[in-house]
file upload05.pdb (PDB, C-alpha atoms, pLDDT in the B column)
ATOM      1  CA  MET B1065     -18.534  42.210   2.231  1.00 67.00           C
ATOM      2  CA  ASP B1066     -17.596  40.068  -0.752  1.00 84.00           C
ATOM      3  CA  MET B1067     -14.595  38.722   1.140  1.00 84.00           C
ATOM      4  CA  ILE B1068     -16.836  37.563   3.986  1.00 84.00           C
ATOM      5  CA  LYS B1069     -19.176  35.831   1.543  1.00 84.00           C
ATOM      6  CA  LEU B1070     -16.256  34.184  -0.212  1.00 82.00           C
ATOM      7  CA  CYS B1071     -14.711  32.970   3.061  1.00 85.00           C
ATOM      8  CA  TRP B1072     -18.079  31.635   4.182  1.00 87.00           C
ATOM      9  CA  LEU B1073     -18.495  29.803   0.875  1.00 85.00           C
ATOM     10  CA  TYR B1074     -15.048  28.182   1.197  1.00 85.00           C
ATOM     11  CA  PHE B1075     -15.712  27.237   4.815  1.00 87.00           C
ATOM     12  CA  ARG B1076     -19.085  25.724   3.964  1.00 87.00           C
ATOM     13  CA  ASN B1077     -17.603  23.723   1.076  1.00 83.00           C
ATOM     14  CA  ALA B1078     -14.720  22.483   3.231  1.00 86.00           C
ATOM     15  CA  LEU B1079     -17.076  21.496   6.039  1.00 86.00           C
ATOM     16  CA  GLY B1080     -19.282  19.658   3.573  1.00 83.00           C
ATOM     17  CA  ALA B1081     -16.307  17.754   2.170  1.00 82.00           C
ATOM     18  CA  VAL B1082     -15.094  16.794   5.645  1.00 84.00           C
ATOM     19  CA  SER B1083     -18.530  15.597   6.731  1.00 84.00           C
ATOM     20  CA  LEU B1084     -18.849  13.602   3.517  1.00 83.00           C
ATOM     21  CA  LEU B1085     -15.434  11.947   3.697  1.00 84.00           C
ATOM     22  CA  TRP B1086     -15.097  11.161   7.410  1.00 88.00           C
ATOM     23  CA  PRO B1087     -16.595   7.622   7.064  1.00 89.00           C
ATOM     24  CA  ILE B1088     -13.800   6.791   4.603  1.00 88.00           C
ATOM     25  CA  ALA B1089     -11.236   8.065   7.102  1.00 90.00           C
ATOM     26  CA  LEU B1090     -12.889   5.971   9.820  1.00 91.00           C
ATOM     27  CA  ALA B1091     -12.773   2.890   7.590  1.00 91.00           C
ATOM     28  CA  ALA B1092      -9.078   3.524   6.896  1.00 91.00           C
ATOM     29  CA  TRP B1093      -8.423   3.831  10.625  1.00 91.00           C
ATOM     30  CA  VAL B1094     -10.282   0.555  11.349  1.00 90.00           C
ATOM     31  CA  PHE B1095      -8.282  -1.139   8.573  1.00 90.00           C
ATOM     32  CA  HIS B1096      -5.024   0.165  10.037  1.00 89.00           C
ATOM     33  CA  MET B1097      -5.912  -0.890  13.593  1.00 87.00           C
ATOM     34  CA  ALA B1098      -6.964  -4.380  12.474  1.00 86.00           C
ATOM     35  CA  LEU B1099      -3.698  -4.860  10.624  1.00 85.00           C
ATOM     36  CA  GLY B1100      -1.872  -3.875  13.794  1.00 81.00           C
ATOM     37  CA  LEU B1101      -3.406  -6.778  15.723  1.00 77.00           C
ATOM     38  CA  GLY B1102      -0.846  -9.159  14.276  1.00 70.00           C
ATOM     39  CA  ASP B1103      -1.793 -12.837  14.517  1.00 66.00           C
ATOM     40  CA  ALA B1104      -5.135 -12.053  16.148  1.00 67.00           C
ATOM     41  CA  GLY B1105      -6.246  -9.920  13.216  1.00 67.00           C
ATOM     42  CA  GLY B1106      -4.819 -10.050   9.796  1.00 79.00           C
ATOM     43  CA  LEU B1107      -5.751  -8.846   6.390  1.00 82.00           C
ATOM     44  CA  TRP B1108      -9.198 -10.448   6.296  1.00 83.00           C
ATOM     45  CA  VAL B1109     -10.265  -8.883   9.569  1.00 84.00           C
ATOM     46  CA  ALA B1110      -8.982  -5.527   8.342  1.00 86.00           C
ATOM     47  CA  ILE B1111     -10.924  -5.785   5.078  1.00 87.00           C
ATOM     48  CA  LEU B1112     -14.094  -6.965   6.835  1.00 88.00           C
ATOM     49  CA  GLY B1113     -13.840  -4.234   9.463  1.00 87.00           C
ATOM     50  CA  ALA B1114     -13.374  -1.465   6.921  1.00 89.00           C
ATOM     51  CA  GLY B1115     -16.172  -2.924   4.818  1.00 89.00           C
ATOM     52  CA  ALA B1116     -18.472  -3.010   7.848  1.00 91.00           C
ATOM     53  CA  VAL B1117     -17.809   0.678   8.500  1.00 89.00           C
ATOM     54  CA  LEU B1118     -18.618   1.553   4.901  1.00 87.00           C
ATOM     55  CA  VAL B1119     -21.774  -0.581   4.953  1.00 89.00           C
ATOM     56  CA  PHE B1120     -22.848   1.112   8.184  1.00 88.00           C
ATOM     57  CA  PHE B1121     -22.606   4.465   6.382  1.00 86.00           C
ATOM     58  CA  ARG B1122     -24.352   3.265   3.234  1.00 85.00           C
ATOM     59  CA  SER B1123     -26.514   6.394   3.156  1.00 83.00           C
ATOM     60  CA  TYR B1124     -23.366   8.217   1.960  1.00 83.00           C
ATOM     61  CA  TRP B1125     -22.892   5.969  -1.079  1.00 83.00           C
ATOM     62  CA  ARG B1126     -25.093   8.025  -3.386  1.00 84.00           C
ATOM     63  CA  LEU B1127     -23.226  11.179  -2.406  1.00 82.00           C
ATOM     64  CA  TRP B1128     -19.861   9.476  -2.979  1.00 83.00           C
ATOM     65  CA  ALA B1129     -21.054   8.300  -6.397  1.00 83.00           C
ATOM     66  CA  ILE B1130     -21.634  11.952  -7.274  1.00 83.00           C
ATOM     67  CA  LEU B1131     -18.508  13.330  -5.582  1.00 80.00           C
ATOM     68  CA  PHE B1132     -15.774  11.080  -6.957  1.00 83.00           C
ATOM     69  CA  PRO B1133     -16.526  11.568 -10.687  1.00 85.00           C
ATOM     70  CA  GLU B1134     -16.767  15.317 -10.101  1.00 83.00           C
ATOM     71  CA  VAL B1135     -13.394  15.347  -8.358  1.00 81.00           C
ATOM     72  CA  TRP B1136     -11.918  13.282 -11.184  1.00 84.00           C
ATOM     73  CA  ARG B1137     -13.319  15.670 -13.797  1.00 86.00           C
ATOM     74  CA  GLY B1138     -12.256  18.722 -11.825  1.00 82.00           C
ATOM     75  CA  SER B1139      -8.707  17.457 -11.448  1.00 82.00           C
ATOM     76  CA  ARG B1140      -8.213  17.083 -15.194  1.00 84.00           C
ATOM     77  CA  PRO B1141      -6.229  20.321 -15.686  1.00 82.00           C
ATOM     78  CA  LEU B1142      -3.909  19.336 -12.847  1.00 83.00           C
ATOM     79  CA  ARG B1143      -3.470  15.825 -14.234  1.00 82.00           C
ATOM     80  CA  ASP B1144      -2.784  17.169 -17.730  1.00 83.00           C
ATOM     81  CA  ASN B1145      -0.174  19.606 -16.409  1.00 86.00           C
ATOM     82  CA  LEU B1146       1.398  16.857 -14.309  1.00 84.00           C
ATOM     83  CA  ALA B1147       1.547  14.477 -17.285  1.00 84.00           C
ATOM     84  CA  TYR B1148       3.093  17.207 -19.441  1.00 86.00           C
ATOM     85  CA  TRP B1149       5.655  18.037 -16.745  1.00 87.00           C
ATOM     86  CA  ALA B1150       6.566  14.359 -16.233  1.00 88.00           C
ATOM     87  CA  GLY B1151       6.909  13.827 -19.982  1.00 88.00           C
ATOM     88  CA  ARG B1152       9.225  16.813 -20.288  1.00 89.00           C
ATOM     89  CA  LYS B1153      11.382  15.566 -17.396  1.00 90.00           C
ATOM     90  CA  ILE B1154      11.609  12.076 -18.913  1.00 90.00           C
ATOM     91  CA  GLN B1155      12.529  13.490 -22.330  1.00 90.00           C
ATOM     92  CA  ALA B1156      15.178  15.730 -20.770  1.00 89.00           C
ATOM     93  CA  GLY B1157      16.624  12.779 -18.866  1.00 89.00           C
ATOM     94  CA  LEU B1158      16.707  10.597 -21.999  1.00 88.00           C
ATOM     95  CA  TRP B1159      18.376  13.384 -23.973  1.00 89.00           C
ATOM     96  CA  ARG B1160      20.963  13.830 -21.225  1.00 86.00           C
ATOM     97  CA  VAL B1161      21.723  10.087 -21.216  1.00 88.00           C
ATOM     98  CA  ARG B1162      22.046  10.011 -25.011  1.00 85.00           C
ATOM     99  CA  THR B1163      24.408  12.951 -25.118  1.00 82.00           C
ATOM    100  CA  ASP B1164      26.718  11.703 -22.349  1.00 70.00           C
TER     101      ASP B1164
END
call {"tool": "encode", "arguments": {"input": "upload05.pdb", "output": "structure tokens"}}
result
Amino acid sequence: MDMIKLCWLYFRNALGAVSLLWPIALAAWVFHMALGLGDAGGLWVAILGAGAVLVFFRSYWRLWAILFPEVWRGSRPLRDNLAYWAGRKIQAGLWRVRTD
């Protein structure tokens, strides 16, 4: 029974994240399509189109303002481990260059 509750919790969280982030994906798609227009479009049309999509979904802004800092704070252990790993690789590479 606990497994079913846990799976339902993960599914509900994933569905919530998808429903919260789909306007950003739509804005990215509009930006990409406008850049593909070539001379008829251009960068300004792409920026304005993506901005219009985000303005249309302005009711999501408050939720995004809550979500992004939480994601940033939640990713801290991963970022710390990644920074440690990268530092170790750089130090090992420098040591290898010095000893060659």
call {"tool": "resolve_selection", "arguments": {"input": "upload05.pdb", "expression": "the PyMOL selection byres ((chain B and resi 1113) around 8)", "output": "number ranges by chain"}}
result
B: 1091, 1094-1095, 1098, 1109-1112, 1114-1117
call {"tool": "axis_aligned_box", "arguments": {"input": "upload05.pdb", "around": "segment 1137-1147 of chain B", "padding_each_side": "5 Å", "output": "lines of an AutoDock Vina configuration file"}}
result
center_x = -5.9
center_y = 17.4
center_z = -14.6
size_x = 24.9
size_y = 15.8
size_z = 16.3
call {"tool": "atom_distance", "arguments": {"input": "upload05.pdb", "atom1": "atom CA of Leu1118 of chain B", "atom2": "atom CA of Ala1078 of chain B"}}
result
21.4 Å
call {"tool": "atom_distance", "arguments": {"input": "upload05.pdb", "atom1": "atom CA of Trp1093 of chain B", "atom2": "atom CA of Leu1107 of chain B"}}
result
13.6 Å
call {"tool": "atom_distance", "arguments": {"input": "upload05.pdb", "atom1": "atom CA of Phe1121 of chain B", "atom2": "atom CA of Leu1090 of chain B"}}
result
10.4 Å
